[in-house]
Amino acid sequence: MKRLFNLLKGDILQQYKYGFYWLYLFVTLLYLIALYFFPDGWKTTVGRVIVLTDPMLFGYMFIGAIILFERSEKVTNALSVMPIHPIEYLFSKLISLGLISLLSSEVIMLGGGVPQHCFWTPFGILAGSFLFTMVGMIQACRISTLNGFIMWMIPTMLIAILPPILYLCGIDGWWQQLMPGTAILQIISNNHFLWLPSLVLSVYLLLAFWLAMKNIKTLLVNE
Amino acid sequence: MNKALFSSFRMFVRSVVSDGMLLLMLVMPILMALLFKLAVPALVAQFHWTFLPSYYLLFDLFLFTIAPTFWTFASSMTILDEMDAGITPQLIVTPVGKFGYLFSRLGFPSLLSYPVICIIVYFAHLSSLSVSAILQLALLSMVSCLLPSLLVICIANNRVEGMAVNKLAGLLGFGSFVPFFITGWQQYLFAFLPSFWLAKFAQTDNYFFFALVLLLTVLISWGLFRKYERKIQ
């Protein structure tokens with residue numbers, strides 16, 4: 001637990017140093033200003049689209065660069081000879097990046113007047129952030145350049161974003177119910193337990209966790 | 001000098017070919033153009049979003065920026081990789097030099113994106129744009145899309161900072177939206193953005209705005225290049 005806490009502290013400090021907190025403060029403020037100009041009837045939909053397309057995917061967008069940078073700076077070499085378990089490395093990244101996702105999303109939703117549930121909305125945002133950050137980790141462990149990561153990023157973002165946006169537009173097919181983005185959207189939009197989206201999201205989370213652990217173990221051993 | 005420049009550019013091409021980015025650079029603008037051309041009118045018909053046709057010019061302006069943004073984005077990511085790998089200082093002491101290095105990484109892809117923008121917009125535009133308007137707006141888009149990449153290269157010291165700056169640099173294109181949504185004097189608060197004047201030019205065909213885009217882009221690029229020179233000294 002102490003090792004996880006120390007890793008987490010290091011990750012948060014690194015993210016602060018590289019300006020992630022200031023960046024997202026600025027981006028969040030811009031989104032709030034943009035939401036202010038939308039008519040009241042649109043605010044809920046637009047607010048949810050913003051949360052799903054940006055703050056929730058924050059971890060995913062940055063994890064590729066973080067892992068590549070750690071590899072080039074030989075941080076993973078140092079970690080591989082330390083008594084750190086891959087699960088601690090994974091949790092440290094998930095919690096530190098998820099924190100920024102959650103803070104930014106909550107400010108956008110509260111400030112923009114988007115209705116939310118006190119438990120299910122933050123739960124859905126965090127679960128979504130964890131899922132896509134793990135997906136990013138799996139991809140980042142397998143590439144060696146930023147462009148290589150971008151190659152993965154575009155189809156992943158399309159799979160993450162397109163189904164929930166179509167769902168919000170009223171296009172609702174059975175296949176969308178099986179997509180992680182739609183499951184997250186349904187969880188953050190409702191104020192009670194939904195079994196199908198929760199089941200779908202749990203399956204994706206477990207699969208991503210298993211693959212992420214496998215890849216991190218390889219990363220730490222091979223470096 | 002020219003030989004060195006082309007060698008440096010070949011090095012960039014090899015890098016984007018090896019990680020598959022070249023395919024994305026070629027396919028993505030076409031896919032986006034197809035999506036716009038087919039999906040936007042379909043949405044208008046399906047959901048009776050009658051307000052959308054008045055923003056077709058805005059969609060077209062976005063279409064103009066896809067190819068140069070993608071291509072220069074790939075360049076800036078390659079430059080960040082080279083920065084982290086320590087290749088940049090070795091390259092700039094060769095006959096390529098500082099300017100040549102930047103030109104081979106950003107200038108060439110940007111220039112090559114020009115015909116791609118023209119062809120894509122010609123076939124996929126939604127508003128009533130003439131051929132000469134397409135040629136002029138493509139030129140302005142090509143030039144102004146250099147700025148986000150220059151900003152990333154000048155400010156960021158590594159990949160992580162690069163991704164953060166890239167996120168902010170993307171906001172430089174925000175100016176295109178302003179004339180469409182803010183009609184009062186407040187719109188001129190965004191006058192420092194070349195993309196703002198680009199949208200004004202697209203709306204009015206006033207060549208004063210055309211000149212302003214070029215002037216602002218040259219001034220900002222010059223400032224950024226000076227910063228880049230100091231940074232890598």
# chains A, B, ... in the order shown; residues from 1 in each chain; ligands from 1
>>> closest_atom_pairs(of="region 82-168 of chain A", to="region 172-196 of chain A", cutoff="12 Å", atoms="only C-alpha atoms", output="tab-separated table")
residue	atom	partner	partner_atom	distance
A:Leu102	CA	A:Ile188	CA	12.0
A:Ser105	CA	A:Ile188	CA	10.9
A:Glu106	CA	A:Ile188	CA	11.2
A:Met109	CA	A:Ile188	CA	10.8
A:Val114	CA	A:Ser189	CA	9.5
A:Pro115	CA	A:Ser189	CA	7.9
A:Gln116	CA	A:Ser189	CA	6.6
A:His117	CA	A:Asn191	CA	5.2
A:Cys118	CA	A:Asn191	CA	8.3
A:Phe119	CA	A:Asn191	CA	8.1
A:Trp120	CA	A:Ile188	CA	5.8
A:Thr121	CA	A:Ile188	CA	4.0
A:Pro122	CA	A:Ile188	CA	7.3
A:Phe123	CA	A:Ile188	CA	7.6
A:Gly124	CA	A:Ile188	CA	5.3
A:Ile125	CA	A:Ile188	CA	6.9
A:Leu126	CA	A:Ile184	CA	9.6
A:Ala127	CA	A:Ile184	CA	7.8
A:Gly128	CA	A:Ile184	CA	6.3
A:Ser129	CA	A:Ile184	CA	9.9
A:Phe130	CA	A:Ile184	CA	11.5
A:Leu131	CA	A:Pro180	CA	8.7
A:Phe132	CA	A:Pro180	CA	9.4
A:Val135	CA	A:Pro180	CA	11.7
A:Thr156	CA	A:Gly181	CA	10.8
A:Met157	CA	A:Gly181	CA	9.8
A:Leu158	CA	A:Gly181	CA	9.9
A:Ile159	CA	A:Gly181	CA	7.7
A:Ala160	CA	A:Gly181	CA	5.0
A:Ile161	CA	A:Gly181	CA	6.2
A:Leu162	CA	A:Gly181	CA	8.1
A:Pro163	CA	A:Gln176	CA	5.7
A:Pro164	CA	A:Thr182	CA	4.5
A:Ile165	CA	A:Thr182	CA	8.3
A:Leu166	CA	A:Asp172	CA	7.1
A:Tyr167	CA	A:Asp172	CA	5.2
A:Leu168	CA	A:Asp172	CA	8.4
>>> write_last_selection(atoms="N, CA, C and O atoms", output="tab-separated table (two decimals), in the first residue's frame")
chain	number	residue	atom	x	y	z
A	102	LEU	N	-12.07	12.83	-13.54
A	102	LEU	CA	-13.24	13.00	-12.68
A	102	LEU	C	-13.44	14.47	-12.29
A	102	LEU	O	-14.56	15.00	-12.39
A	105	SER	N	-14.61	16.47	-15.38
A	105	SER	CA	-15.99	16.10	-15.77
A	105	SER	C	-17.00	16.67	-14.79
A	105	SER	O	-18.05	17.20	-15.18
A	106	GLU	N	-16.69	16.56	-13.48
A	106	GLU	CA	-17.63	17.03	-12.47
A	106	GLU	C	-17.82	18.55	-12.55
A	106	GLU	O	-18.93	19.05	-12.42
A	109	MET	N	-20.00	19.27	-15.53
A	109	MET	CA	-21.40	18.89	-15.33
A	109	MET	C	-22.08	19.78	-14.30
A	109	MET	O	-23.21	20.23	-14.50
A	114	VAL	N	-25.68	20.24	-15.89
A	114	VAL	CA	-26.05	18.93	-16.43
A	114	VAL	C	-26.48	18.03	-15.27
A	114	VAL	O	-25.72	17.85	-14.33
A	115	PRO	N	-27.71	17.50	-15.31
A	115	PRO	CA	-28.17	16.68	-14.18
A	115	PRO	C	-27.33	15.41	-14.02
A	115	PRO	O	-26.92	14.81	-15.01
A	116	GLN	N	-27.07	15.05	-12.77
A	116	GLN	CA	-26.28	13.84	-12.52
A	116	GLN	C	-26.65	13.19	-11.20
A	116	GLN	O	-27.25	13.82	-10.34
A	117	HIS	N	-26.29	11.92	-11.07
A	117	HIS	CA	-26.53	11.19	-9.83
A	117	HIS	C	-25.25	11.23	-8.99
A	117	HIS	O	-24.16	11.17	-9.55
A	118	CYS	N	-25.42	11.35	-7.66
A	118	CYS	CA	-24.23	11.53	-6.81
A	118	CYS	C	-23.31	10.30	-6.81
A	118	CYS	O	-22.12	10.43	-6.52
A	119	PHE	N	-23.81	9.12	-7.15
A	119	PHE	CA	-22.93	7.95	-7.18
A	119	PHE	C	-22.68	7.45	-8.60
A	119	PHE	O	-21.54	7.27	-9.01
A	120	TRP	N	-23.76	7.21	-9.37
A	120	TRP	CA	-23.61	6.56	-10.66
A	120	TRP	C	-22.84	7.39	-11.68
A	120	TRP	O	-22.09	6.84	-12.49
A	121	THR	N	-23.00	8.71	-11.62
A	121	THR	CA	-22.29	9.54	-12.60
A	121	THR	C	-20.77	9.50	-12.37
A	121	THR	O	-20.02	9.14	-13.29
A	122	PRO	N	-20.28	9.83	-11.14
A	122	PRO	CA	-18.83	9.72	-10.95
A	122	PRO	C	-18.31	8.30	-11.14
A	122	PRO	O	-17.21	8.10	-11.68
A	123	PHE	N	-19.14	7.31	-10.78
A	123	PHE	CA	-18.74	5.91	-10.97
A	123	PHE	C	-18.53	5.61	-12.46
A	123	PHE	O	-17.52	5.02	-12.86
A	124	GLY	N	-19.47	6.04	-13.28
A	124	GLY	CA	-19.39	5.81	-14.73
A	124	GLY	C	-18.19	6.52	-15.35
A	124	GLY	O	-17.49	5.95	-16.19
A	125	ILE	N	-17.95	7.75	-14.90
A	125	ILE	CA	-16.81	8.52	-15.45
A	125	ILE	C	-15.49	7.83	-15.09
A	125	ILE	O	-14.62	7.64	-15.95
A	126	LEU	N	-15.36	7.42	-13.82
A	126	LEU	CA	-14.13	6.77	-13.39
A	126	LEU	C	-13.94	5.43	-14.09
A	126	LEU	O	-12.84	5.11	-14.55
A	127	ALA	N	-15.03	4.66	-14.19
A	127	ALA	CA	-14.93	3.35	-14.86
A	127	ALA	C	-14.51	3.55	-16.32
A	127	ALA	O	-13.66	2.81	-16.82
A	128	GLY	N	-15.10	4.55	-16.98
A	128	GLY	CA	-14.75	4.84	-18.38
A	128	GLY	C	-13.30	5.26	-18.51
A	128	GLY	O	-12.58	4.81	-19.40
A	129	SER	N	-12.87	6.13	-17.59
A	129	SER	CA	-11.48	6.60	-17.61
A	129	SER	C	-10.52	5.42	-17.40
A	129	SER	O	-9.53	5.28	-18.13
A	130	PHE	N	-10.82	4.56	-16.42
A	130	PHE	CA	-9.98	3.39	-16.15
A	130	PHE	C	-9.91	2.48	-17.38
A	130	PHE	O	-8.84	2.03	-17.77
A	131	LEU	N	-11.08	2.24	-17.98
A	131	LEU	CA	-11.13	1.32	-19.12
A	131	LEU	C	-10.25	1.82	-20.27
A	131	LEU	O	-9.40	1.10	-20.78
A	132	PHE	N	-10.47	3.09	-20.65
A	132	PHE	CA	-9.73	3.59	-21.82
A	132	PHE	C	-8.25	3.82	-21.51
A	132	PHE	O	-7.41	3.72	-22.41
A	135	VAL	N	-6.78	0.49	-22.00
A	135	VAL	CA	-6.67	0.21	-23.44
A	135	VAL	C	-5.44	0.93	-24.01
A	135	VAL	O	-4.65	0.35	-24.76
A	156	THR	N	-9.64	3.65	-32.03
A	156	THR	CA	-10.13	3.44	-30.65
A	156	THR	C	-11.11	4.56	-30.26
A	156	THR	O	-12.17	4.29	-29.67
A	157	MET	N	-10.72	5.79	-30.60
A	157	MET	CA	-11.60	6.93	-30.24
A	157	MET	C	-12.93	6.84	-30.99
A	157	MET	O	-13.98	7.17	-30.43
A	158	LEU	N	-12.85	6.38	-32.25
A	158	LEU	CA	-14.10	6.24	-33.02
A	158	LEU	C	-15.02	5.20	-32.35
A	158	LEU	O	-16.23	5.44	-32.21
A	159	ILE	N	-14.42	4.08	-31.93
A	159	ILE	CA	-15.21	3.04	-31.27
A	159	ILE	C	-15.76	3.54	-29.94
A	159	ILE	O	-16.89	3.24	-29.55
A	160	ALA	N	-14.96	4.37	-29.26
A	160	ALA	CA	-15.39	4.87	-27.95
A	160	ALA	C	-16.49	5.92	-28.07
A	160	ALA	O	-17.43	5.95	-27.28
A	161	ILE	N	-16.35	6.79	-29.07
A	161	ILE	CA	-17.21	7.99	-29.13
A	161	ILE	C	-18.45	7.84	-30.01
A	161	ILE	O	-19.54	8.28	-29.64
A	162	LEU	N	-18.25	7.21	-31.18
A	162	LEU	CA	-19.34	7.19	-32.17
A	162	LEU	C	-20.64	6.53	-31.67
A	162	LEU	O	-21.72	7.14	-31.79
A	163	PRO	N	-20.58	5.31	-31.09
A	163	PRO	CA	-21.85	4.69	-30.65
A	163	PRO	C	-22.65	5.53	-29.64
A	163	PRO	O	-23.85	5.69	-29.83
A	164	PRO	N	-22.01	6.12	-28.60
A	164	PRO	CA	-22.83	6.93	-27.69
A	164	PRO	C	-23.38	8.20	-28.34
A	164	PRO	O	-24.49	8.63	-28.00
A	165	ILE	N	-22.63	8.77	-29.30
A	165	ILE	CA	-23.14	9.98	-29.96
A	165	ILE	C	-24.35	9.62	-30.82
A	165	ILE	O	-25.36	10.33	-30.82
A	166	LEU	N	-24.26	8.49	-31.53
A	166	LEU	CA	-25.41	8.03	-32.34
A	166	LEU	C	-26.61	7.75	-31.43
A	166	LEU	O	-27.75	8.06	-31.75
A	167	TYR	N	-26.32	7.18	-30.27
A	167	TYR	CA	-27.37	6.86	-29.30
A	167	TYR	C	-28.05	8.16	-28.83
A	167	TYR	O	-29.29	8.22	-28.75
A	168	LEU	N	-27.23	9.20	-28.60
A	168	LEU	CA	-27.79	10.49	-28.18
A	168	LEU	C	-28.61	11.13	-29.31
A	168	LEU	O	-29.54	11.90	-29.05
>>> interface_residues(of="chain B", to="chain A", cutoff="10 Å", atoms="only C-alpha atoms", output="PyMOL selection string")
chain B and resi 15-16+18-25+28+43+47+73-82+84-85+156-165+167-168+171+181-182
>>> residues_around(residues="region 219-227 of chain B", least_positions_apart="6", cutoff="9 Å", atoms="only C-alpha atoms", output="list in words")
Phe99, Leu146, Leu147, Leu150, Leu151, Ile153, Cys154 and Ile155 of chain B
>>> write_last_selection(atoms="N, CA, C and O atoms", output="PDB file, in the first residue's frame")
ATOM      1  N   PHE B  99      16.901  25.520 -39.802  1.00  0.00           N
ATOM      2  CA  PHE B  99      15.746  25.822 -40.642  1.00  0.00           C
ATOM      3  C   PHE B  99      15.432  24.652 -41.575  1.00  0.00           C
ATOM      4  O   PHE B  99      14.280  24.261 -41.754  1.00  0.00           O
ATOM      5  N   LEU B 146       0.299  25.247 -39.928  1.00  0.00           N
ATOM      6  CA  LEU B 146       1.675  25.049 -39.466  1.00  0.00           C
ATOM      7  C   LEU B 146       1.828  25.484 -38.010  1.00  0.00           C
ATOM      8  O   LEU B 146       2.670  24.973 -37.279  1.00  0.00           O
ATOM      9  N   LEU B 147       0.979  26.457 -37.610  1.00  0.00           N
ATOM     10  CA  LEU B 147       1.162  27.067 -36.287  1.00  0.00           C
ATOM     11  C   LEU B 147       1.041  26.092 -35.111  1.00  0.00           C
ATOM     12  O   LEU B 147       1.901  26.099 -34.229  1.00  0.00           O
ATOM     13  N   LEU B 150       4.215  24.101 -34.942  1.00  0.00           N
ATOM     14  CA  LEU B 150       5.350  24.932 -34.535  1.00  0.00           C
ATOM     15  C   LEU B 150       5.309  25.202 -33.033  1.00  0.00           C
ATOM     16  O   LEU B 150       6.328  25.177 -32.349  1.00  0.00           O
ATOM     17  N   LEU B 151       4.099  25.453 -32.539  1.00  0.00           N
ATOM     18  CA  LEU B 151       3.917  25.727 -31.113  1.00  0.00           C
ATOM     19  C   LEU B 151       4.361  24.528 -30.271  1.00  0.00           C
ATOM     20  O   LEU B 151       5.067  24.680 -29.275  1.00  0.00           O
ATOM     21  N   ILE B 153       6.482  22.161 -31.115  1.00  0.00           N
ATOM     22  CA  ILE B 153       7.930  21.957 -31.205  1.00  0.00           C
ATOM     23  C   ILE B 153       8.694  22.993 -30.378  1.00  0.00           C
ATOM     24  O   ILE B 153       9.707  22.689 -29.764  1.00  0.00           O
ATOM     25  N   CYS B 154       8.171  24.232 -30.355  1.00  0.00           N
ATOM     26  CA  CYS B 154       8.888  25.303 -29.662  1.00  0.00           C
ATOM     27  C   CYS B 154       8.727  25.225 -28.151  1.00  0.00           C
ATOM     28  O   CYS B 154       9.630  25.599 -27.417  1.00  0.00           O
ATOM     29  N   ILE B 155       7.587  24.800 -27.677  1.00  0.00           N
ATOM     30  CA  ILE B 155       7.342  24.830 -26.230  1.00  0.00           C
ATOM     31  C   ILE B 155       7.717  23.516 -25.557  1.00  0.00           C
ATOM     32  O   ILE B 155       8.334  23.511 -24.491  1.00  0.00           O
TER      33      ILE B 155
END
>>> atom_distance(atom1="CA of Ser104 (chain B)", atom2="CA of Phe9 (chain B)")
4.8 Å
>>> atom_distance(atom1="CA of Pro55 (chain A)", atom2="CA of Val107 (chain A)")
10.5 Å
>>> atom_distance(atom1="CA of His48 (chain B)", atom2="CA of Ile171 (chain A)")
14.4 Å
>>> residues_around(residues="Phe91 (chain A)", least_positions_apart="6", cutoff="10 Å", atoms="only C-alpha atoms", output="NGL selection string")
:A and (4-5 or 7-8 or 97-98 or 130 or 134)
>>> write_last_selection(atoms="N, CA, C and O atoms", output="PDB file, in the first residue's frame")
ATOM      1  N   LEU A   4       2.303   1.779  -3.424  1.00  0.00           N
ATOM      2  CA  LEU A   4       1.304   2.339  -4.333  1.00  0.00           C
ATOM      3  C   LEU A   4       1.155   3.835  -4.075  1.00  0.00           C
ATOM      4  O   LEU A   4       1.102   4.643  -5.009  1.00  0.00           O
ATOM      5  N   PHE A   5       1.122   4.196  -2.775  1.00  0.00           N
ATOM      6  CA  PHE A   5       0.977   5.608  -2.412  1.00  0.00           C
ATOM      7  C   PHE A   5       2.155   6.422  -2.963  1.00  0.00           C
ATOM      8  O   PHE A   5       1.975   7.516  -3.499  1.00  0.00           O
ATOM      9  N   LEU A   7       4.134   5.646  -5.514  1.00  0.00           N
ATOM     10  CA  LEU A   7       4.039   5.698  -6.983  1.00  0.00           C
ATOM     11  C   LEU A   7       3.016   6.750  -7.413  1.00  0.00           C
ATOM     12  O   LEU A   7       3.240   7.532  -8.328  1.00  0.00           O
ATOM     13  N   LEU A   8       1.888   6.736  -6.698  1.00  0.00           N
ATOM     14  CA  LEU A   8       0.799   7.665  -6.997  1.00  0.00           C
ATOM     15  C   LEU A   8       1.260   9.109  -6.814  1.00  0.00           C
ATOM     16  O   LEU A   8       0.990   9.976  -7.652  1.00  0.00           O
ATOM     17  N   LEU A  97      -4.519   9.520 -13.331  1.00  0.00           N
ATOM     18  CA  LEU A  97      -5.149  10.088 -14.532  1.00  0.00           C
ATOM     19  C   LEU A  97      -6.672  10.171 -14.364  1.00  0.00           C
ATOM     20  O   LEU A  97      -7.306  11.128 -14.828  1.00  0.00           O
ATOM     21  N   GLY A  98      -7.239   9.173 -13.673  1.00  0.00           N
ATOM     22  CA  GLY A  98      -8.683   9.170 -13.437  1.00  0.00           C
ATOM     23  C   GLY A  98      -9.127  10.347 -12.586  1.00  0.00           C
ATOM     24  O   GLY A  98     -10.229  10.878 -12.760  1.00  0.00           O
ATOM     25  N   PHE A 130     -10.823   4.560 -16.420  1.00  0.00           N
ATOM     26  CA  PHE A 130      -9.977   3.391 -16.149  1.00  0.00           C
ATOM     27  C   PHE A 130      -9.906   2.477 -17.385  1.00  0.00           C
ATOM     28  O   PHE A 130      -8.838   2.028 -17.772  1.00  0.00           O
ATOM     29  N   MET A 134      -6.522   1.855 -19.593  1.00  0.00           N
ATOM     30  CA  MET A 134      -5.941   0.510 -19.715  1.00  0.00           C
ATOM     31  C   MET A 134      -5.779   0.122 -21.183  1.00  0.00           C
ATOM     32  O   MET A 134      -4.771  -0.461 -21.569  1.00  0.00           O
TER      33      MET A 134
END
